[in-house]
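J.: Got a file for you: upload_14.cif, mmCIF, C-alpha atoms.
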data_final
#
loop_
_atom_site.label_atom_id
_atom_site.label_comp_id
_atom_site.auth_asym_id
_atom_site.auth_seq_id
_atom_site.Cartn_x
_atom_site.Cartn_y
_atom_site.Cartn_z
CA MET A 21 33.64 -6.04 -13.60
CA ALA A 22 32.34 -9.36 -12.29
CA ILE A 23 29.51 -7.56 -10.48
CA ALA A 24 28.66 -5.61 -13.65
CA LYS A 25 28.48 -8.86 -15.64
CA GLU A 26 26.19 -10.35 -13.00
CA LYS A 27 23.85 -7.34 -13.01
CA LEU A 28 23.72 -7.21 -16.80
CA SER A 29 23.07 -10.95 -17.03
CA GLU A 30 20.16 -10.62 -14.59
CA SER A 31 18.57 -7.82 -16.61
CA PHE A 32 19.34 -9.14 -20.09
CA PRO A 33 19.07 -12.95 -20.33
CA GLY A 34 21.26 -14.31 -23.12
CA ILE A 35 23.76 -11.43 -23.07
CA ARG A 36 27.23 -12.29 -24.44
CA PHE A 37 30.51 -10.82 -23.14
CA THR A 38 34.02 -10.62 -24.53
CA ASP A 39 36.93 -11.22 -22.20
CA ALA A 40 38.12 -8.18 -20.25
CA ILE A 41 41.32 -6.45 -21.33
CA ILE A 42 43.38 -3.97 -19.31
CA THR A 43 44.12 -0.66 -21.04
CA ALA A 44 45.45 2.78 -20.22
CA ALA A 45 42.88 5.32 -19.04
CA TYR A 46 41.99 7.60 -21.95
CA ASP A 47 41.46 11.36 -21.40
CA MET A 48 42.74 11.06 -17.85
CA PRO A 49 45.97 12.19 -16.09
CA ASP A 50 49.04 10.08 -16.81
CA ASP A 51 49.16 8.69 -13.28
CA THR A 52 45.58 7.33 -13.47
CA GLU A 53 45.34 3.61 -12.85
CA PRO A 54 44.56 1.52 -15.96
CA TYR A 55 40.99 0.41 -16.66
CA ALA A 56 39.42 -2.94 -17.45
CA ASN A 57 37.24 -2.91 -20.58
CA MET A 58 34.89 -5.37 -22.23
CA ILE A 59 32.05 -5.31 -24.73
CA ALA A 60 28.70 -7.09 -24.39
CA GLU A 61 25.97 -7.79 -26.93
CA CYS A 62 22.33 -8.60 -26.22
CA GLU A 63 18.76 -8.35 -27.43
CA THR A 64 16.25 -6.29 -25.48
CA PRO A 65 12.65 -5.08 -25.87
CA LEU A 66 13.58 -1.81 -24.16
CA SER A 67 13.71 1.40 -26.14
CA GLN A 68 17.07 3.11 -26.56
CA GLU A 69 16.15 5.73 -23.96
CA LYS A 70 14.96 3.18 -21.40
CA LEU A 71 18.01 1.00 -22.00
CA VAL A 72 20.37 3.91 -21.32
CA ASN A 73 18.45 4.71 -18.13
CA VAL A 74 18.84 1.12 -16.94
CA LEU A 75 22.58 1.23 -17.61
CA LYS A 76 22.99 4.53 -15.77
CA GLU A 77 21.08 3.19 -12.77
CA MET A 78 23.46 0.22 -12.71
CA GLU A 79 26.41 2.62 -12.63
CA LYS A 80 24.91 4.36 -9.61
CA GLU A 81 24.24 1.06 -7.85
CA MET A 82 27.95 0.28 -8.22
CA GLY A 83 29.03 3.55 -6.61
CA ASP A 84 29.59 5.75 -9.63
CA ASN A 85 28.58 9.38 -9.15
CA GLU A 86 29.61 12.94 -10.02
CA LEU A 87 31.56 13.40 -6.78
CA MET A 88 33.72 10.36 -7.48
CA ARG A 89 34.30 11.43 -11.08
CA SER A 90 35.29 14.93 -9.96
CA LYS A 91 38.10 13.21 -8.07
CA GLY A 92 39.14 11.30 -11.20
CA ILE A 93 37.61 8.03 -9.99
CA VAL A 94 35.32 6.14 -12.36
CA MET A 95 33.80 3.26 -10.41
CA MET A 96 31.85 1.94 -13.40
CA ASP A 97 31.06 3.24 -16.88
CA ILE A 98 28.52 1.34 -18.99
CA ASP A 99 28.02 3.05 -22.36
CA LEU A 100 25.68 2.06 -25.19
CA LEU A 101 27.84 1.87 -28.33
CA GLU A 102 25.23 0.63 -30.80
CA TYR A 103 21.46 0.18 -30.86
CA ASN A 104 19.57 -1.08 -33.92
CA ARG A 105 22.68 -0.37 -36.07
CA HIS A 106 22.85 3.24 -34.89
CA ARG A 107 26.21 4.08 -33.32
CA TYR A 108 26.84 6.24 -30.25
CA HIS A 109 30.05 7.53 -28.58
CA LEU A 110 31.75 7.72 -31.97
CA ASN A 111 35.11 8.68 -30.48
CA ASP A 112 35.16 5.43 -28.51
CA TRP A 113 34.83 3.44 -31.72
CA GLU A 114 38.23 4.75 -32.86
CA ARG A 115 40.09 3.74 -29.74
CA PRO A 116 42.46 0.76 -30.15
CA TYR A 117 40.98 -1.22 -27.27
CA THR A 118 37.46 -0.83 -28.71
CA LYS A 119 38.61 -2.23 -32.05
CA THR A 120 40.31 -5.11 -30.26
CA LEU A 121 37.17 -5.90 -28.27
CA LEU A 122 34.94 -5.66 -31.36
CA ALA A 123 37.20 -8.18 -33.11
CA MET A 124 36.86 -10.45 -30.07
CA LEU A 125 33.07 -10.03 -30.22
CA ALA A 126 33.05 -10.91 -33.92
CA ARG A 127 35.02 -14.09 -33.22
CA LEU A 128 32.60 -14.90 -30.40
CA ALA A 129 29.66 -14.50 -32.80
CA MET A 130 31.32 -16.84 -35.31
CA ILE A 131 31.92 -19.43 -32.58
CA LEU A 132 28.28 -19.18 -31.51
CA VAL A 133 27.09 -19.69 -35.07
CA LEU A 134 29.36 -22.72 -35.39
CA LEU A 135 28.13 -24.14 -32.09
CA ILE A 136 24.50 -23.62 -32.98
CA ASN A 137 24.98 -25.25 -36.37
CA THR A 138 26.77 -28.27 -34.89
CA SER A 139 25.16 -28.49 -31.48
CA ASN A 140 22.55 -30.93 -30.27
CA THR A 141 18.88 -30.13 -29.82
CA ALA A 142 19.31 -29.28 -26.15
CA PHE A 143 21.66 -26.38 -26.91
CA SER A 144 19.27 -25.00 -29.50
CA GLN A 145 16.42 -25.27 -27.02
CA ARG A 146 18.39 -23.33 -24.40
CA THR A 147 19.14 -20.59 -26.92
CA THR A 148 15.48 -20.40 -27.89
CA GLN A 149 14.44 -20.36 -24.24
CA LYS A 150 16.73 -17.43 -23.45
CA LYS A 151 15.24 -15.46 -26.32
CA GLN A 152 11.74 -16.26 -25.09
CA ASP A 153 12.72 -15.22 -21.56
CA THR A 154 14.06 -11.91 -22.85
CA GLU A 155 10.72 -11.28 -24.56
CA LEU A 156 8.87 -12.32 -21.41
CA LEU A 157 10.86 -9.82 -19.33
CA GLY A 158 9.87 -7.07 -21.73
CA LYS A 159 6.22 -8.08 -21.42
CA ALA A 160 6.47 -8.20 -17.61
CA VAL A 161 7.75 -4.62 -17.52
CA GLU A 162 5.10 -3.47 -20.02
CA TYR A 163 2.35 -5.11 -17.94
CA TYR A 164 3.64 -3.38 -14.82
CA GLN A 165 3.92 0.03 -16.43
CA GLY A 166 0.46 -0.39 -17.94
CA GLY A 167 -1.15 -1.24 -14.61
CA LYS A 168 -1.86 -4.86 -15.57
CA TYR A 169 -0.61 -6.16 -12.24
CA HIS A 170 -2.03 -9.68 -12.40
CA GLU A 171 -0.33 -10.29 -15.75
CA SER A 172 2.86 -8.69 -14.42
CA ILE A 173 2.89 -11.13 -11.48
CA LEU A 174 2.47 -14.15 -13.74
CA ALA A 175 5.34 -13.04 -15.99
CA PHE A 176 7.78 -12.10 -13.23
CA GLU A 177 7.04 -15.26 -11.25
CA LYS A 178 7.75 -17.37 -14.32
CA LEU A 179 11.10 -15.63 -14.77
CA LYS A 180 11.82 -15.95 -11.06
CA ARG A 181 11.88 -19.75 -11.37
CA HIS A 182 14.99 -19.57 -13.58
CA TYR A 183 16.65 -16.23 -12.80
CA THR A 184 17.49 -14.00 -9.86
CA LEU A 185 15.43 -10.84 -10.33
CA THR A 186 17.17 -7.51 -9.86
CA PRO A 187 16.04 -5.39 -6.86
CA ARG A 188 13.98 -3.15 -9.13
CA PHE A 189 12.18 -6.07 -10.75
CA LEU A 190 11.55 -7.53 -7.28
CA ALA A 191 10.07 -4.16 -6.33
CA TYR A 192 7.86 -4.26 -9.44
CA LEU A 193 6.69 -7.73 -8.43
CA GLY A 194 6.08 -6.71 -4.81
CA PHE A 195 4.13 -3.61 -5.82
CA SER A 196 2.05 -5.69 -8.25
CA TYR A 197 1.14 -8.05 -5.41
CA TYR A 198 0.24 -5.03 -3.26
CA LYS A 199 -2.10 -3.67 -5.93
CA GLU A 200 -3.70 -7.12 -6.19
CA GLN A 201 -4.18 -7.12 -2.37
CA GLN A 202 -1.92 -10.14 -1.92
CA TYR A 203 -0.16 -8.57 1.02
CA GLU A 204 1.96 -11.46 2.26
CA GLU A 205 3.59 -11.93 -1.16
CA ALA A 206 3.97 -8.15 -1.50
CA THR A 207 5.80 -7.93 1.81
CA GLU A 208 8.11 -10.83 0.95
CA ASN A 209 9.32 -9.29 -2.32
CA LEU A 210 9.40 -5.65 -1.21
CA LYS A 211 11.44 -6.43 1.90
CA LYS A 212 14.08 -8.10 -0.26
CA SER A 213 14.29 -5.24 -2.74
CA ILE A 214 14.07 -2.11 -0.56
CA PRO A 215 17.58 -2.32 1.01
CA HIS A 216 19.09 -2.30 -2.50
CA LEU A 217 17.22 0.69 -3.95
CA SER A 218 19.29 3.54 -2.51
CA ALA A 219 20.43 4.63 -5.99
CA TYR A 220 16.87 5.28 -7.17
CA SER A 221 14.96 8.54 -6.81
CA PRO A 222 13.31 9.33 -3.44
CA LYS A 223 9.89 9.39 -5.10
CA GLU A 224 10.26 5.89 -6.54
CA ARG A 225 11.71 4.45 -3.33
CA ALA A 226 8.86 6.00 -1.34
CA ILE A 227 6.31 4.14 -3.46
CA TYR A 228 7.85 0.75 -2.70
CA ILE A 229 8.47 1.49 1.00
CA TYR A 230 4.94 2.83 1.49
CA SER A 231 3.49 -0.22 -0.28
CA CYS A 232 5.46 -2.47 2.05
CA ALA A 233 4.20 -0.54 5.08
CA GLU A 234 0.62 -0.79 3.85
CA SER A 235 0.98 -4.52 3.20
CA LEU A 236 2.23 -5.03 6.76
CA PHE A 237 -0.58 -2.82 8.09
CA TYR A 238 -3.25 -4.91 6.40
CA GLN A 239 -1.66 -8.01 7.92
CA THR A 240 -2.05 -6.30 11.36
CA GLN A 241 1.75 -6.24 11.78
CA TYR A 242 1.58 -2.69 13.12
CA ASP A 243 5.00 -2.41 14.77
CA GLU A 244 6.80 -3.41 11.58
CA ALA A 245 4.47 -1.28 9.46
CA LEU A 246 5.42 1.74 11.56
CA LYS A 247 9.11 1.17 10.77
CA TYR A 248 8.44 1.32 7.04
CA TYR A 249 6.09 4.31 7.35
CA GLN A 250 8.94 6.07 9.17
CA MET A 251 11.35 5.15 6.36
CA ALA A 252 9.00 6.56 3.71
CA LEU A 253 8.15 9.80 5.54
CA PRO A 254 11.28 11.84 4.67
CA LEU A 255 11.01 10.78 1.02
CA THR A 256 7.56 12.32 0.51
CA GLU A 257 5.79 15.66 0.62
CA GLY A 258 2.31 17.14 0.32
CA ASN A 259 -0.65 14.78 0.25
CA ASP A 260 1.60 11.73 -0.02
CA LYS A 261 3.17 12.65 3.31
CA GLY A 262 -0.34 13.23 4.65
CA ASP A 263 -1.28 9.66 3.70
CA ILE A 264 1.71 8.29 5.63
CA LEU A 265 0.90 10.35 8.72
CA PHE A 266 -2.76 9.31 8.47
CA HIS A 267 -1.91 5.60 8.43
CA THR A 268 0.81 5.99 11.03
CA ALA A 269 -1.83 7.40 13.36
CA PHE A 270 -4.07 4.39 12.73
CA ALA A 271 -1.20 1.97 13.27
CA HIS A 272 -0.44 3.53 16.68
CA TYR A 273 -4.11 3.39 17.61
CA LEU A 274 -4.73 -0.18 16.45
CA LYS A 275 -1.72 -1.39 18.43
CA LYS A 276 -3.64 -0.40 21.56
CA THR A 277 -7.13 -1.63 20.77
CA SER A 278 -8.75 -4.64 19.14
CA SER A 279 -11.46 -2.44 17.56
CA HIS A 280 -11.00 -1.42 13.92
CA THR A 281 -13.87 1.08 13.93
CA ASP A 282 -13.29 4.50 12.42
CA ASP A 283 -14.74 6.18 15.51
CA ILE A 284 -12.00 6.72 18.07
CA GLN A 285 -13.55 7.25 21.47
CA HIS A 286 -11.98 9.75 23.83
CA ASN A 287 -11.42 7.18 26.59
CA SER A 288 -10.57 4.11 24.47
CA ILE A 289 -6.76 4.57 24.50
CA ASP A 290 -4.15 5.73 26.98
CA THR A 291 -3.07 9.36 27.16
CA ILE A 292 0.32 8.87 25.50
CA THR A 293 -1.17 7.04 22.52
CA LYS A 294 -3.99 9.57 22.27
CA ASP A 295 -1.52 12.45 22.17
CA THR A 296 0.55 10.68 19.51
CA VAL A 297 -2.48 9.91 17.36
CA THR A 298 -3.82 13.45 17.78
CA THR A 299 -0.52 15.00 16.70
CA LEU A 300 -0.20 12.75 13.64
CA LEU A 301 -3.78 13.36 12.51
CA ALA A 302 -3.39 17.11 12.96
CA GLU A 303 -0.24 17.08 10.80
CA ALA A 304 -1.97 14.97 8.16
CA MET A 305 -4.98 17.30 8.16
CA ALA A 306 -2.74 20.35 7.74
CA LEU A 307 -1.07 18.80 4.72
CA TYR A 308 -4.39 17.77 3.14
CA ARG A 309 -5.77 21.28 3.62
CA ALA A 310 -2.65 22.87 2.13
CA ASN A 311 -2.80 20.67 -0.97
CA THR A 312 -6.50 20.40 -1.79
CA ALA A 313 -5.89 21.34 -5.43
CA THR A 314 -3.95 18.12 -6.02
CA ALA A 315 -5.87 15.87 -3.64
CA THR A 316 -7.52 12.66 -4.86
CA PRO A 317 -11.11 11.85 -3.82
CA LEU A 318 -9.70 9.40 -1.26
CA GLN A 319 -7.46 12.09 0.24
CA CYS A 320 -10.41 14.48 0.43
CA ALA A 321 -12.31 11.81 2.33
CA ARG A 322 -9.34 11.33 4.66
CA LEU A 323 -9.30 15.07 5.35
CA ARG A 324 -12.92 14.91 6.51
CA GLN A 325 -12.14 11.80 8.55
CA CYS A 326 -9.22 13.56 10.25
CA GLU A 327 -11.53 16.41 11.22
CA ARG A 328 -14.11 14.03 12.75
CA MET A 329 -11.54 11.94 14.56
CA LEU A 330 -9.77 14.96 16.02
CA GLN A 331 -13.08 16.25 17.37
CA GLY A 332 -13.55 12.94 19.18
CA LEU A 333 -9.99 12.84 20.49
CA ARG A 334 -10.18 16.42 21.76
CA GLY A 335 -13.49 15.80 23.44
CA LYS A 336 -15.47 18.08 21.16
CA GLN A 337 -18.99 17.45 19.96
CA GLU A 338 -19.86 17.47 16.30
CA ASP A 339 -22.26 20.17 15.16
#
Write out the structure in this file as structure tokens.

T.:
Amino acid sequence: MAIAKEKLSESFPGIRFTDAIITAAYDMPDDTEPYANMIAECETPLSQEKLVNVLKEMEKEMGDNELMRSKGIVMMDIDLLEYNRHRYHLNDWERPYTKTLLAMLARLAMILVLLINTSNTAFSQRTTQKKQDTELLGKAVEYYQGGKYHESILAFEKLKRHYTLTPRFLAYLGFSYYKEQQYEEATENLKKSIPHLSAYSPKERAIYIYSCAESLFYQTQYDEALKYYQMALPLTEGNDKGDILFHTAFAHYLKKTSSHTDDIQHNSIDTITKDTVTTLLAEAMALYRANTATATPLQCARLRQCERMLQGLRGKQED
């Protein structure tokens, strides 16, 4: 419960919690251990659908999944009871512990009103600041989702001065830096977030891991870039996997030579590296050729580059 409060507080500045109460487990076998329950209230710019998705991702991060529930174990359950005066989970509203917690929340609201009315200016300023920060977080996410990466960086960095960003928000910040070609800052934030993203979809994780690998690549940190390319590889398919193989080949090559030219000469690298690069480029080329219908212009160009480079590596002459 303490971890849940921490995660919710990070994502929703200004959130208010009741105390936790211990109750019997409803709709579960009689021998089920009792549960701890609490209610929280907050303001958020997220839509109802996006808010529910955030809450479900938090449940997964805390170990809740279908396998555990099939065994009668609920690691964490975070339900949305009310949004913009529309109620959900109507059966839960009738449970005695819910009514008790709602009464506690009402008393908490009355105390807050009393405090605000009798508090000094500093308290009022803090309350206003939290509301502004909540709005700023909403803008930061909107900027990110809208591809306004510079604005997203400014907003997230401002929040970062006062709050600990969740792993996903750190990933948003790192990816924004990557898109703005600020690779050192991208690497710093993505490295911190990636180990904590196991609950997210493979496709989303691959984006952040690949961006981290690319950021390291452009900083000529090829050994470390290769580690992240390897992490991203099993999470991708089609042309995306082709891109990883393509850059992995370059990383292996550039480790062995100071030249960054696109023309790889037959005798410029040792046999082992040449075989590795040849294999990777051939695999990338096969994927590009198999997925031409969905290829971007850049991927089409990489296909042609693979063909030219393989001719040089195999000692063939261009027509």

J.: To test your reading of the syntax: which residues would the PyMOL selection byres ((chain A and resi 311) around 12) return for the file shown? Reply as a list in words.

T.: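 With the shown file as input, the PyMOL selection byres ((chain A and resi 311) around 12) matches Glu257, Gly258, Asn259, Asp260, Lys261, Gly262, Ala304, Met305, Ala306, Leu307, Tyr308, Arg309, Ala310, Thr312, Ala313, Thr314, Ala315, Thr316, Gln319, Cys320 and Leu323 of chain A.
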
J.: Using all atoms listed in the file for the distances, tell me which of A:Glu200, A:Glu244, A:Asp97, A:Asp153 is nearest to Ile59 in chain A.

T.: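 Looking at the shortest contact to Ile59 in chain A, the residue is A:Asp97.
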
J.: Kindly indicate which residue among A:Leu174, A:Thr186, A:Lys91, A:Pro54 lies nearest to Pro33 in chain A, using only C-alpha atoms for the distances.

T.: A:Thr186

J.: What is the distance between CA of Lys80 in chain A and CA of Asn111 in chain A, in Å to one decimal?

T.: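 Going from CA of Lys80 in chain A over to CA of Asn111 in chain A covers 23.6 Å.
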
J.: What does the distance between CA of Pro187 in chain A and CA of Glu208 in chain A come to in Å, to one decimal place?

T.: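 Separation of CA of Pro187 in chain A and CA of Glu208 in chain A: 12.4 Å.
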
J.: Identify which of the residues A:Leu300, A:Ile93, A:Ala321, A:Ala60 lies closest to Leu122 in chain A, counting all atoms listed in the file when measuring atom-to-atom distances.

T.: A:Ala60

J.: Kindly indicate which residue among A:Ser235, A:Asn104, A:Thr38, A:Thr240 lies nearest to Tyr198 in chain A, using all atoms listed in the file for the distances.

T.: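 Under the stated criterion, the closest residue is A:Ser235.
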
J.: List as number ranges by chain the protein and nucleic acid residues near Tyr248 in chain A, meaning an atom at most 9 Å away when all atoms listed in the file are counted, but skip any in the same chain fewer than 2 places from it.

T.: A: 229-234, 236, 244-246, 250-253

J.: Just how far from CA of Glu30 in chain A is CA of Ala56 in chain A, in Å to one decimal?

T.: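 Those two atoms sit 20.9 Å apart.
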
J.: Taking all atoms listed in the file into account, which of A:Lys294, A:Lys276, A:Arg322, A:Lys159 comes nearest Asp263 in chain A?

T.: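 The closest residue to Asp263 in chain A is A:Arg322.
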
J.: Using only C-alpha atoms, determine which residues lie at most 12 Å from range 191-194 of chain A, disregarding the query and same-chain residues fewer than 5 positions distant; provide the list as a ChimeraX atom specification.

T.: /A:157,160-180,185-186,199-217,220,224-235

J.: Keeping only C-alpha atoms, take the residues you just selected and write them out as a compact mmCIF listing (two decimals), keeping the file's coordinate frame.

T.:
# COMPACT_ATOMS: atom_id res chain seq x y z
CA LEU A 157 10.86 -9.82 -19.33
CA ALA A 160 6.47 -8.20 -17.61
CA VAL A 161 7.75 -4.62 -17.52
CA GLU A 162 5.10 -3.47 -20.02
CA TYR A 163 2.35 -5.11 -17.94
CA TYR A 164 3.64 -3.38 -14.82
CA GLN A 165 3.92 0.03 -16.43
CA GLY A 166 0.46 -0.39 -17.94
CA GLY A 167 -1.15 -1.24 -14.61
CA LYS A 168 -1.86 -4.86 -15.57
CA TYR A 169 -0.61 -6.16 -12.24
CA HIS A 170 -2.03 -9.68 -12.40
CA GLU A 171 -0.33 -10.29 -15.75
CA SER A 172 2.86 -8.69 -14.42
CA ILE A 173 2.89 -11.13 -11.48
CA LEU A 174 2.47 -14.15 -13.74
CA ALA A 175 5.34 -13.04 -15.99
CA PHE A 176 7.78 -12.10 -13.23
CA GLU A 177 7.04 -15.26 -11.25
CA LYS A 178 7.75 -17.37 -14.32
CA LEU A 179 11.10 -15.63 -14.77
CA LYS A 180 11.82 -15.95 -11.06
CA LEU A 185 15.43 -10.84 -10.33
CA THR A 186 17.17 -7.51 -9.86
CA LYS A 199 -2.10 -3.67 -5.93
CA GLU A 200 -3.70 -7.12 -6.19
CA GLN A 201 -4.18 -7.12 -2.37
CA GLN A 202 -1.92 -10.14 -1.92
CA TYR A 203 -0.16 -8.57 1.02
CA GLU A 204 1.96 -11.46 2.26
CA GLU A 205 3.59 -11.93 -1.16
CA ALA A 206 3.97 -8.15 -1.50
CA THR A 207 5.80 -7.93 1.81
CA GLU A 208 8.11 -10.83 0.95
CA ASN A 209 9.32 -9.29 -2.32
CA LEU A 210 9.40 -5.65 -1.21
CA LYS A 211 11.44 -6.43 1.90
CA LYS A 212 14.08 -8.10 -0.26
CA SER A 213 14.29 -5.24 -2.74
CA ILE A 214 14.07 -2.11 -0.56
CA PRO A 215 17.58 -2.32 1.01
CA HIS A 216 19.09 -2.30 -2.50
CA LEU A 217 17.22 0.69 -3.95
CA TYR A 220 16.87 5.28 -7.17
CA GLU A 224 10.26 5.89 -6.54
CA ARG A 225 11.71 4.45 -3.33
CA ALA A 226 8.86 6.00 -1.34
CA ILE A 227 6.31 4.14 -3.46
CA TYR A 228 7.85 0.75 -2.70
CA ILE A 229 8.47 1.49 1.00
CA TYR A 230 4.94 2.83 1.49
CA SER A 231 3.49 -0.22 -0.28
CA CYS A 232 5.46 -2.47 2.05
CA ALA A 233 4.20 -0.54 5.08
CA GLU A 234 0.62 -0.79 3.85
CA SER A 235 0.98 -4.52 3.20

J.: Using only C-alpha atoms, which residue out of A:Phe266, A:Trp113, A:Tyr238, A:Tyr183 lies closest to Gly34 in chain A?

T.: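 For Gly34 in chain A, the nearest of the candidates is A:Tyr183.
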
J.: Output requested as an mmCIF file, keeping the file's coordinate frame - range 257-265 of chain A, filled out with all heavy atoms.

T.:
data_model
loop_
_atom_site.group_PDB
_atom_site.id
_atom_site.type_symbol
_atom_site.label_atom_id
_atom_site.label_comp_id
_atom_site.auth_asym_id
_atom_site.auth_seq_id
_atom_site.Cartn_x
_atom_site.Cartn_y
_atom_site.Cartn_z
ATOM 1 N N GLU A 257 6.237 14.313 0.288
ATOM 2 C CA GLU A 257 5.790 15.660 0.620
ATOM 3 C C GLU A 257 4.320 15.789 0.248
ATOM 4 O O GLU A 257 3.738 14.913 -0.398
ATOM 5 C CB GLU A 257 6.612 16.710 -0.115
ATOM 6 C CG GLU A 257 6.605 16.556 -1.611
ATOM 7 C CD GLU A 257 7.545 17.528 -2.317
ATOM 8 O OE1 GLU A 257 8.429 18.089 -1.649
ATOM 9 O OE2 GLU A 257 7.375 17.716 -3.531
ATOM 10 N N GLY A 258 3.699 16.864 0.677
ATOM 11 C CA GLY A 258 2.310 17.140 0.320
ATOM 12 C C GLY A 258 1.339 16.072 0.771
ATOM 13 O O GLY A 258 1.448 15.528 1.875
ATOM 14 N N ASN A 259 0.379 15.761 -0.102
ATOM 15 C CA ASN A 259 -0.650 14.780 0.250
ATOM 16 C C ASN A 259 -0.084 13.385 0.474
ATOM 17 O O ASN A 259 -0.634 12.614 1.262
ATOM 18 C CB ASN A 259 -1.717 14.737 -0.857
ATOM 19 C CG ASN A 259 -2.610 15.969 -0.840
ATOM 20 O OD1 ASN A 259 -2.942 16.480 0.217
ATOM 21 N ND2 ASN A 259 -2.977 16.450 -2.017
ATOM 22 N N ASP A 260 0.991 13.042 -0.225
ATOM 23 C CA ASP A 260 1.600 11.730 -0.020
ATOM 24 C C ASP A 260 2.121 11.602 1.414
ATOM 25 O O ASP A 260 1.970 10.558 2.051
ATOM 26 C CB ASP A 260 2.752 11.516 -1.007
ATOM 27 C CG ASP A 260 2.254 11.372 -2.437
ATOM 28 O OD1 ASP A 260 1.075 11.008 -2.617
ATOM 29 O OD2 ASP A 260 3.040 11.615 -3.367
ATOM 30 N N LYS A 261 2.722 12.665 1.915
ATOM 31 C CA LYS A 261 3.170 12.650 3.310
ATOM 32 C C LYS A 261 1.962 12.610 4.246
ATOM 33 O O LYS A 261 1.998 11.958 5.290
ATOM 34 C CB LYS A 261 4.032 13.878 3.603
ATOM 35 C CG LYS A 261 4.543 13.937 5.038
ATOM 36 C CD LYS A 261 5.614 15.001 5.231
ATOM 37 C CE LYS A 261 6.931 14.535 4.657
ATOM 38 N NZ LYS A 261 8.067 15.438 5.040
ATOM 39 N N GLY A 262 0.895 13.283 3.848
ATOM 40 C CA GLY A 262 -0.340 13.230 4.650
ATOM 41 C C GLY A 262 -0.873 11.822 4.772
ATOM 42 O O GLY A 262 -1.319 11.403 5.845
ATOM 43 N N ASP A 263 -0.824 11.054 3.676
ATOM 44 C CA ASP A 263 -1.280 9.660 3.700
ATOM 45 C C ASP A 263 -0.466 8.835 4.696
ATOM 46 O O ASP A 263 -1.012 8.009 5.443
ATOM 47 C CB ASP A 263 -1.164 9.037 2.315
ATOM 48 C CG ASP A 263 -2.188 9.581 1.335
ATOM 49 O OD1 ASP A 263 -3.215 10.116 1.787
ATOM 50 O OD2 ASP A 263 -1.955 9.463 0.122
ATOM 51 N N ILE A 264 0.860 9.054 4.708
ATOM 52 C CA ILE A 264 1.710 8.290 5.630
ATOM 53 C C ILE A 264 1.386 8.643 7.071
ATOM 54 O O ILE A 264 1.264 7.761 7.931
ATOM 55 C CB ILE A 264 3.192 8.557 5.316
ATOM 56 C CG1 ILE A 264 3.549 8.000 3.931
ATOM 57 C CG2 ILE A 264 4.088 7.927 6.379
ATOM 58 C CD1 ILE A 264 4.956 8.311 3.490
ATOM 59 N N LEU A 265 1.230 9.934 7.361
ATOM 60 C CA LEU A 265 0.900 10.350 8.720
ATOM 61 C C LEU A 265 -0.469 9.811 9.137
ATOM 62 O O LEU A 265 -0.661 9.389 10.290
ATOM 63 C CB LEU A 265 0.908 11.880 8.807
ATOM 64 C CG LEU A 265 2.286 12.530 8.647
ATOM 65 C CD1 LEU A 265 2.142 14.033 8.440
ATOM 66 C CD2 LEU A 265 3.167 12.247 9.863
#
